[in-house]
Each structure stands twice: as structure tokens, then as C-alpha cells.
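Structure data (mmCIF, C-alpha atoms) from work-v8.cif:
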```cif
data_my_file
loop_
_atom_site.label_atom_id
_atom_site.label_comp_id
_atom_site.auth_asym_id
_atom_site.auth_seq_id
_atom_site.Cartn_x
_atom_site.Cartn_y
_atom_site.Cartn_z
CA GLU F 1 45.25 27.44 55.80
CA LEU F 2 46.05 27.71 52.08
CA PHE F 3 43.51 30.48 51.60
CA ALA F 4 44.91 32.35 54.62
CA ILE F 5 48.50 32.02 53.37
CA MET F 6 47.59 33.24 49.87
CA ASP F 7 45.91 36.30 51.43
CA GLY F 8 43.39 37.07 48.70
CA LEU F 9 45.40 35.59 45.83
CA PRO F 10 43.84 32.74 43.81
CA VAL F 11 44.18 29.21 45.18
CA THR F 12 43.87 26.57 42.44
CA VAL F 13 42.66 23.17 43.59
CA ARG F 14 42.65 20.26 41.17
CA LEU F 15 39.88 17.76 41.71
CA LEU F 16 40.74 14.12 42.26
CA ASP F 17 42.89 12.85 39.40
CA PRO F 18 44.55 9.49 40.24
CA PRO F 19 42.81 6.27 39.22
CA LEU F 20 40.63 4.54 41.81
CA HIS F 21 42.95 1.56 42.12
CA GLU F 22 45.47 3.76 43.94
CA PHE F 23 43.02 4.18 46.81
CA ILE F 24 42.01 0.58 47.30
CA PRO F 25 43.66 -1.85 49.73
CA HIS F 26 46.22 -4.20 48.22
CA THR F 27 47.41 -6.48 51.01
CA GLU F 28 45.30 -8.92 52.96
CA ALA F 29 45.91 -6.92 56.15
CA GLU F 30 44.76 -3.68 54.48
CA MET F 31 41.64 -5.36 53.15
CA ALA F 32 40.83 -6.76 56.59
CA SER F 33 41.24 -3.31 58.11
CA VAL F 34 38.89 -1.74 55.55
CA ALA F 35 36.34 -4.51 55.98
CA LYS F 36 36.37 -4.00 59.74
CA ALA F 37 36.04 -0.20 59.46
CA ALA F 38 33.24 -0.45 56.91
CA GLN F 39 31.58 -3.33 58.76
CA VAL F 40 31.34 -5.44 55.62
CA PRO F 41 32.53 -9.00 54.88
CA LEU F 42 36.19 -9.35 53.93
CA GLU F 43 35.22 -11.22 50.76
CA ARG F 44 33.22 -8.21 49.59
CA VAL F 45 36.29 -5.99 49.94
CA ARG F 46 38.41 -8.54 48.06
CA ARG F 47 35.86 -8.72 45.24
CA ARG F 48 35.57 -4.93 44.94
CA ALA F 49 39.35 -4.50 44.91
CA ALA F 50 39.59 -7.01 42.05
CA GLU F 51 36.83 -5.22 40.11
CA LEU F 52 38.63 -1.88 40.32
CA GLN F 53 41.94 -3.15 38.95
CA GLU F 54 42.74 -1.82 35.46
CA ALA F 55 45.13 -2.94 32.76
CA ASN F 56 46.09 0.64 31.87
CA PRO F 57 45.00 2.85 34.78
CA MET F 58 46.58 6.07 33.52
CA LEU F 59 44.17 5.97 30.58
CA GLY F 60 41.38 4.44 32.57
CA HIS F 61 38.96 5.42 35.32
CA ARG F 62 40.61 8.60 36.57
CA GLY F 63 40.30 12.38 36.44
CA CYS F 64 36.89 13.77 35.62
CA ARG F 65 35.73 10.26 34.73
CA LEU F 66 35.66 9.44 38.44
CA ALA F 67 33.36 12.39 39.09
CA VAL F 68 31.10 11.56 36.15
CA THR F 69 30.68 8.03 37.48
CA TYR F 70 30.52 9.12 41.12
CA PRO F 71 29.24 12.75 41.25
CA GLU F 72 29.38 12.61 45.03
CA ILE F 73 33.19 12.65 44.80
CA CYS F 74 33.08 15.97 42.94
CA GLU F 75 30.45 17.33 45.33
CA MET F 76 32.48 16.31 48.39
CA GLN F 77 35.61 18.00 47.10
CA ALA F 78 33.80 21.14 45.99
CA ARG F 79 32.13 21.40 49.38
CA ALA F 80 35.48 21.07 51.16
CA ILE F 81 36.97 23.82 48.98
CA PHE F 82 34.07 26.21 49.39
CA GLU F 83 33.61 25.65 53.13
CA ALA F 84 37.33 26.33 53.62
CA ALA F 85 37.04 29.50 51.52
CA ALA F 86 34.00 30.62 53.54
CA GLU F 87 35.82 30.03 56.84
CA ALA F 88 38.95 31.83 55.62
CA GLY F 89 36.84 34.73 54.40
CA ARG F 90 35.19 35.17 57.79
CA SER F 91 38.52 35.18 59.60
CA ALA F 92 40.36 37.41 57.13
CA GLU F 93 41.64 40.51 58.93
CA ASN F 94 42.46 42.54 55.85
CA GLY F 95 39.06 42.12 54.21
CA ARG F 96 40.52 40.54 51.06
CA PRO F 97 38.23 37.61 50.21
CA PRO F 98 39.76 34.29 49.19
CA ILE F 99 39.56 33.26 45.55
CA ALA F 100 39.01 29.58 44.82
CA GLU F 101 39.85 28.17 41.41
CA VAL F 102 38.37 24.70 40.95
CA MET F 103 40.19 22.74 38.26
CA VAL F 104 38.56 19.73 36.57
CA PRO F 105 41.20 17.23 35.33
CA LEU F 106 41.45 15.08 32.20
CA VAL F 107 38.48 16.57 30.37
CA ALA F 108 37.99 15.26 26.83
CA THR F 109 34.47 16.44 26.00
CA MET F 110 32.29 19.47 26.51
CA GLN F 111 29.64 17.28 28.13
CA GLU F 112 32.00 16.19 30.90
CA LEU F 113 32.83 19.77 31.81
CA GLU F 114 29.22 20.93 31.63
CA MET F 115 28.05 18.10 33.87
CA LEU F 116 30.67 18.65 36.55
CA LYS F 117 30.41 22.44 36.41
CA LYS F 118 26.74 22.10 37.37
CA VAL F 119 27.69 19.96 40.36
CA ILE F 120 30.32 22.49 41.46
CA GLU F 121 28.02 25.48 41.01
CA ARG F 122 25.17 23.77 42.85
CA THR F 123 27.49 22.95 45.74
CA ALA F 124 28.75 26.55 45.83
CA GLU F 125 25.16 27.79 46.06
CA ASP F 126 24.44 25.40 48.94
CA VAL F 127 27.54 26.52 50.88
CA GLN F 128 26.73 30.19 50.32
CA LYS F 129 23.24 29.70 51.73
CA GLU F 130 24.43 27.62 54.67
CA CYS F 131 27.31 29.93 55.61
CA GLY F 132 25.72 33.24 54.67
CA VAL F 133 28.64 34.29 52.48
CA LYS F 134 29.30 35.27 48.89
CA LEU F 135 32.01 33.07 47.40
CA ASN F 136 34.52 34.28 44.85
CA TYR F 137 35.39 31.32 42.67
CA ARG F 138 36.23 30.26 39.13
CA ILE F 139 35.90 26.93 37.36
CA GLY F 140 38.46 25.78 34.85
CA THR F 141 39.93 22.64 33.39
CA MET F 142 43.19 20.90 32.77
CA ILE F 143 44.07 20.39 29.13
CA GLU F 144 45.84 17.02 29.08
CA LEU F 145 44.50 15.31 25.98
CA PRO F 146 44.98 16.11 22.27
CA ARG F 147 41.19 16.13 21.84
CA ALA F 148 40.87 18.78 24.53
CA CYS F 149 43.42 20.95 22.70
CA LEU F 150 41.45 20.68 19.47
CA GLN F 151 38.15 21.37 21.29
CA ALA F 152 39.54 24.28 23.33
CA GLY F 153 37.19 26.76 21.67
CA ALA F 154 34.17 24.82 22.89
CA LEU F 155 35.64 24.12 26.33
CA ALA F 156 36.34 27.83 26.84
CA LYS F 157 32.59 28.47 26.78
CA GLU F 158 32.45 26.82 30.22
CA ALA F 159 36.02 27.09 31.53
CA GLU F 160 37.35 30.37 32.91
CA PHE F 161 40.93 29.11 32.86
CA PHE F 162 43.02 26.37 31.25
CA SER F 163 45.99 24.64 32.83
CA PHE F 164 47.94 22.56 30.34
CA GLY F 165 48.95 19.37 32.14
CA THR F 166 52.03 18.80 30.05
CA ASN F 167 53.03 15.52 31.71
CA ASP F 168 49.85 13.78 30.57
CA LEU F 169 49.63 15.79 27.35
CA THR F 170 53.10 14.54 26.42
CA GLN F 171 52.12 10.97 27.27
CA THR F 172 48.93 11.05 25.22
CA THR F 173 50.48 12.89 22.28
CA TYR F 174 53.42 10.53 21.95
CA GLY F 175 51.63 7.41 23.14
CA LEU F 176 54.42 7.04 25.69
CA SER F 177 54.20 5.94 29.31
CA ARG F 178 56.25 8.30 31.44
CA ASP F 179 56.74 5.51 33.96
CA ASP F 180 58.15 3.07 31.38
CA ALA F 181 59.79 5.25 28.72
CA GLY F 182 63.00 5.56 30.72
CA ASN F 183 63.90 2.04 29.58
CA PHE F 184 64.48 3.16 26.00
CA LEU F 185 64.56 6.98 25.86
CA PRO F 186 68.34 7.08 26.46
CA GLU F 187 68.74 5.00 23.31
CA TYR F 188 66.52 7.42 21.40
CA LYS F 189 68.68 10.33 22.56
CA ALA F 190 71.89 8.47 21.71
CA LYS F 191 70.63 7.78 18.17
CA GLY F 192 69.46 11.35 17.64
CA ILE F 193 65.75 10.58 17.48
CA PHE F 194 65.10 12.80 20.50
CA GLU F 195 67.32 15.73 21.37
CA GLN F 196 65.81 15.90 24.86
CA ASP F 197 63.66 13.70 27.02
CA PRO F 198 60.16 15.04 26.17
CA PHE F 199 59.13 14.58 29.80
CA VAL F 200 61.93 16.89 30.94
CA SER F 201 61.86 19.57 28.25
CA LEU F 202 58.65 20.30 26.35
CA ASP F 203 58.38 19.04 22.78
CA GLN F 204 57.75 22.43 21.19
CA GLU F 205 57.05 21.07 17.71
CA GLY F 206 54.43 18.43 18.53
CA VAL F 207 53.01 19.02 22.01
CA GLY F 208 53.77 22.72 21.61
CA GLU F 209 51.71 22.88 18.42
CA LEU F 210 48.71 21.44 20.26
CA ILE F 211 49.16 24.05 22.99
CA ARG F 212 49.34 26.88 20.44
CA ILE F 213 46.13 25.60 18.80
CA ALA F 214 44.38 25.47 22.17
CA VAL F 215 45.57 28.97 23.11
CA GLU F 216 44.30 30.41 19.84
CA ARG F 217 40.93 28.65 19.95
CA GLY F 218 40.40 29.22 23.66
CA ARG F 219 41.08 32.95 23.45
CA ALA F 220 38.91 33.26 20.35
CA THR F 221 35.99 32.12 22.50
CA ARG F 222 36.99 33.80 25.78
CA PRO F 223 39.57 36.58 25.25
CA ASP F 224 40.25 36.99 28.98
CA ILE F 225 40.77 33.29 29.72
CA LYS F 226 43.74 32.61 32.03
CA LEU F 227 46.22 30.13 30.57
CA GLY F 228 49.17 28.31 32.07
CA ILE F 229 50.96 24.98 32.38
CA CYS F 230 51.53 22.66 35.28
CA GLY F 231 53.92 19.77 35.52
CA GLU F 232 57.66 19.29 35.60
CA HIS F 233 57.99 21.30 32.38
CA GLY F 234 57.01 24.34 34.43
CA GLY F 235 60.50 24.34 35.94
CA ASP F 236 62.41 23.88 32.69
CA PRO F 237 63.87 27.14 31.28
CA ALA F 238 63.43 26.13 27.62
CA SER F 239 59.81 25.14 28.24
CA ILE F 240 59.16 28.41 30.08
CA GLY F 241 60.56 30.31 27.11
CA PHE F 242 58.07 28.52 24.88
CA CYS F 243 55.22 29.41 27.25
CA GLU F 244 56.12 33.09 27.02
CA LYS F 245 56.10 32.96 23.22
CA ALA F 246 52.81 31.06 23.19
CA GLY F 247 51.17 33.76 25.30
CA LEU F 248 50.60 31.78 28.49
CA ASP F 249 50.04 33.70 31.71
CA TYR F 250 51.73 31.49 34.29
CA VAL F 251 53.66 28.32 34.97
CA SER F 252 53.20 25.95 37.89
CA CYS F 253 55.91 23.59 39.09
CA SER F 254 57.35 21.76 42.07
CA PRO F 255 58.40 24.05 44.95
CA PHE F 256 62.12 23.37 44.54
CA ARG F 257 61.90 24.47 40.91
CA VAL F 258 60.25 27.83 41.66
CA PRO F 259 63.47 29.94 41.84
CA ILE F 260 64.66 28.62 38.46
CA ALA F 261 61.17 29.07 37.00
CA ARG F 262 60.93 32.70 38.15
CA LEU F 263 64.35 33.53 36.72
CA ALA F 264 63.60 31.76 33.43
CA ALA F 265 60.21 33.50 33.15
CA ALA F 266 61.81 36.91 33.71
CA GLN F 267 64.50 36.20 31.12
CA ALA F 268 61.90 35.00 28.61
CA ALA F 269 59.80 38.14 29.16
CA VAL F 270 62.85 40.36 28.63
CA ARG F 271 63.74 38.51 25.41
CA GLU F 272 60.19 38.84 24.08
CA SER F 273 60.11 42.52 24.98
CA ALA F 274 63.45 43.15 23.29
CA SER F 275 62.33 41.23 20.21
CA ALA F 276 59.11 43.22 20.00
CA SER F 277 61.03 46.51 20.38
CA SER F 278 63.51 45.62 17.66
CA MET F 279 60.71 44.67 15.29
CA GLY F 280 58.95 47.92 16.06
CA GLY F 281 62.10 49.88 15.37
CA ALA F 282 62.61 48.07 12.08
#
```
Take the structure in the file and give it back as C-alpha cells.
Amino acid sequence: ELFAIMDGLPVTVRLLDPPLHEFIPHTEAEMASVAKAAQVPLERVRRRAAELQEANPMLGHRGCRLAVTYPEICEMQARAIFEAAAEAGRSAENGRPPIAEVMVPLVATMQELEMLKKVIERTAEDVQKECGVKLNYRIGTMIELPRACLQAGALAKEAEFFSFGTNDLTQTTYGLSRDDAGNFLPEYKAKGIFEQDPFVSLDQEGVGELIRIAVERGRATRPDIKLGICGEHGGDPASIGFCEKAGLDYVSCSPFRVPIARLAAAQAAVRESASASSMGGA
């Protein structure tokens, strides 16, 4: 349905990102239901649920780490994406083939991306043979960790696009938990330490510097790489203005923020164009 709605425009699908503990049963009733469905002893489900609990899940077994540990998760998702694209391509009335963009989250190393790219490409080949189609797809990564920003030149050898996940990038740059920082950020704003909540408006000096480094190094390796941000910052006018100056191609945000984002992006583009014209005239 997404491919049909987009009508030949790219559809970006992020692979599984949340930590495993979010998918496990928590109550006794849920565990009993899972045990019954899986036809395994209830005690086994209890034990596995306890094993998957993490002290700091947002920095734990999530993102691409899930797929590295369980490649079948990546393969399952890739197959679902490519089979949907194949089906949409066959039913397309206008002849415009769907474009799938598979986004690998929370990458920190080149080896992670290389490993999962092979799984995705192998799955694409299998689907093409099985369905008798030629798929149009790209593989990219989310840039959510400071290390990924610094290694953007290497990552761009494998990634055809970057999406800066600014929620997690802000968390990992500041060492702040977005879920807990609300307890003291108002005090930081009141005392002038922060002008804005960094989870609402992008920190252009710190997080922004990492993004600028990644843009420069990524484009040095792959000049045509597509760059953008996703997260709540994508709907913030000041953050969008920064993205325009940094040379990003797009912003992604929550649906209700799209009108504001489009207006802010247009205004930022006009400002940049006017600035460039005035400098040229000078």
C-alpha cells in the first residue's frame, strides 16, 4: 500500500530499531499466552524474558545489533519490503516502478553495515528470482552515534544515503536520556545553561558540528549521497534552517509537523539563495 501511494517515489523503511525487551511478554497472563502459542513450557518463557531484560536498553541490544545477532530478523524484514515492492510493481498502472530504500539503524562500525548489506542484497536477489522482477532499491544507514559521524567517510562506501537520527544522536552526544532529562532540563534553561531543550531544537554547536563533519566526509567519499534528518527536530524551523545551511537534502518528521516543516524549509532555501546572491553581487 505504501509503495502504491508513493507512486514511484522512494519509500524509506527503517529496519527494526527498538530493543528486544519491548517485544517480550511482561505479565504472567502474556507469558502464558506466548507459551501456549509457542507450545513451550511457561517456565521457559519466564526465563527467556528475564534474560532479555537490560539495565540500559536504549544503549543495549537494539538497532543493527539485533540483526547482527539474529540475521534472520534482517532477512525477514528485507524479504517483506522486497516482496511488497515486487507486488506493487506488478500492479502499477503507470509503469513507474517502486523504489525501496532500506535503512539500517544505529550503525557504529563499517563491519556492521557490510554484514547486513550482504544479507539485504542476498535477500533482494532471492526475491527477484522468485518473482521474476528487477527491484529498484537502495541501502543506507541512520547516523545516530558520534562514532558514525566521525566514520561517515568509510560508511559512505557502503551506504547510498544517510539519515541523521537526531533524537538518538542528541542523546549519545550529550549523554542524556530523552526519557529522563525532562526532570532537570527546565532548571538548565532557567539558569541559562541551555537556551533551548536540545531534544526540541537541534544543538547546532555540538550535535550540529558532528552532522557537518559527517556531511563533509560522506560526500567526499560519495558525492551523490542523499542526506537528511529524521526525528522531532525535522519539524522545528530553527533546526530546518540549520539543515539547509549544512547542505542536507530532506527532513523527515511526524505527519502533524509536515506543514510547518515545508514552510520552514522553503523559507530557509529562500534565505540561503538570497545570501548567496548578495555575496555574489559583493
Which residues, protein or nucleic acid, reach to within 12 Å of (48.3, 22.9, 29.2) in the file's coordinates when using all atoms listed in the file, and can you give that as a ChimeraX atom specification? /F:105-107,140-146,148-149,152,161-170,202,207-215,218,226-234,239,243,246-252
All residues 9 Å or closer to Leu2 in chain F, all atoms listed in the file, same chain fewer than 4 positions away omitted, as a PyMOL selection string: chain F and resi 6-7+11+84+88
Specify the axis-aligned box that encloses all atoms of range 193-200 of chain F listed in the file after padding of 8 Å on each side, stating its centre and edge lengths in Å to one decimal as AutoDock Vina command-line options.
```
--center_x 63.2 --center_y 13.7 --center_z 24.2 --size_x 24.2 --size_y 22.3 --size_z 29.5
```
Rank F:Leu16, F:Cys253, F:Val104, F:Val133 by their smallest atom-to-atom distance to Arg62 in chain F, using all atoms listed in the file, and report the top residue only.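 Residue with the minimum atom-to-atom distance to Arg62 in chain F: F:Leu16.
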Reference answer for the PyMOL selection byres ((chain F and resi 71) around 12), as a CSV table (one decimal) with C-alpha atoms, keeping the file's coordinate frame:
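Saved file out_2.csv follows:
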```csv
chain,number,residue,atom,x,y,z
F,15,LEU,CA,39.9,17.8,41.7
F,16,LEU,CA,40.7,14.1,42.3
F,64,CYS,CA,36.9,13.8,35.6
F,65,ARG,CA,35.7,10.3,34.7
F,66,LEU,CA,35.7,9.4,38.4
F,67,ALA,CA,33.4,12.4,39.1
F,68,VAL,CA,31.1,11.6,36.2
F,69,THR,CA,30.7,8.0,37.5
F,70,TYR,CA,30.5,9.1,41.1
F,72,GLU,CA,29.4,12.6,45.0
F,73,ILE,CA,33.2,12.6,44.8
F,74,CYS,CA,33.1,16.0,42.9
F,75,GLU,CA,30.4,17.3,45.3
F,76,MET,CA,32.5,16.3,48.4
F,77,GLN,CA,35.6,18.0,47.1
F,78,ALA,CA,33.8,21.1,46.0
F,112,GLU,CA,32.0,16.2,30.9
F,115,MET,CA,28.0,18.1,33.9
F,116,LEU,CA,30.7,18.6,36.6
F,117,LYS,CA,30.4,22.4,36.4
F,118,LYS,CA,26.7,22.1,37.4
F,119,VAL,CA,27.7,20.0,40.4
F,120,ILE,CA,30.3,22.5,41.5
F,122,ARG,CA,25.2,23.8,42.8
F,123,THR,CA,27.5,23.0,45.7
```
Would you translate the PyMOL selection byres ((chain F and resi 197) around 12) into the concrete set of residues it matches in this file, as JSON, numbers by chain? {"F": [167, 170, 171, 174, 176, 178, 181, 182, 183, 184, 185, 186, 187, 188, 189, 190, 192, 193, 194, 195, 196, 198, 199, 200, 201, 202, 203, 232, 233, 236]}
Considering all atoms listed in the file, return as a ChimeraX atom specification whatever protein or nucleic-acid residues lie within 12 Å of Cys131 in chain F, sequence-local ones (same chain, fewer than 2 positions apart) excluded. /F:79,82-90,124-129,133-135
Mind pulling up the distance from CA of Pro223 in chain F to CA of Ile99 in chain F?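 CA of Ile99 in chain F sits 20.6 Å away from CA of Pro223 in chain F.
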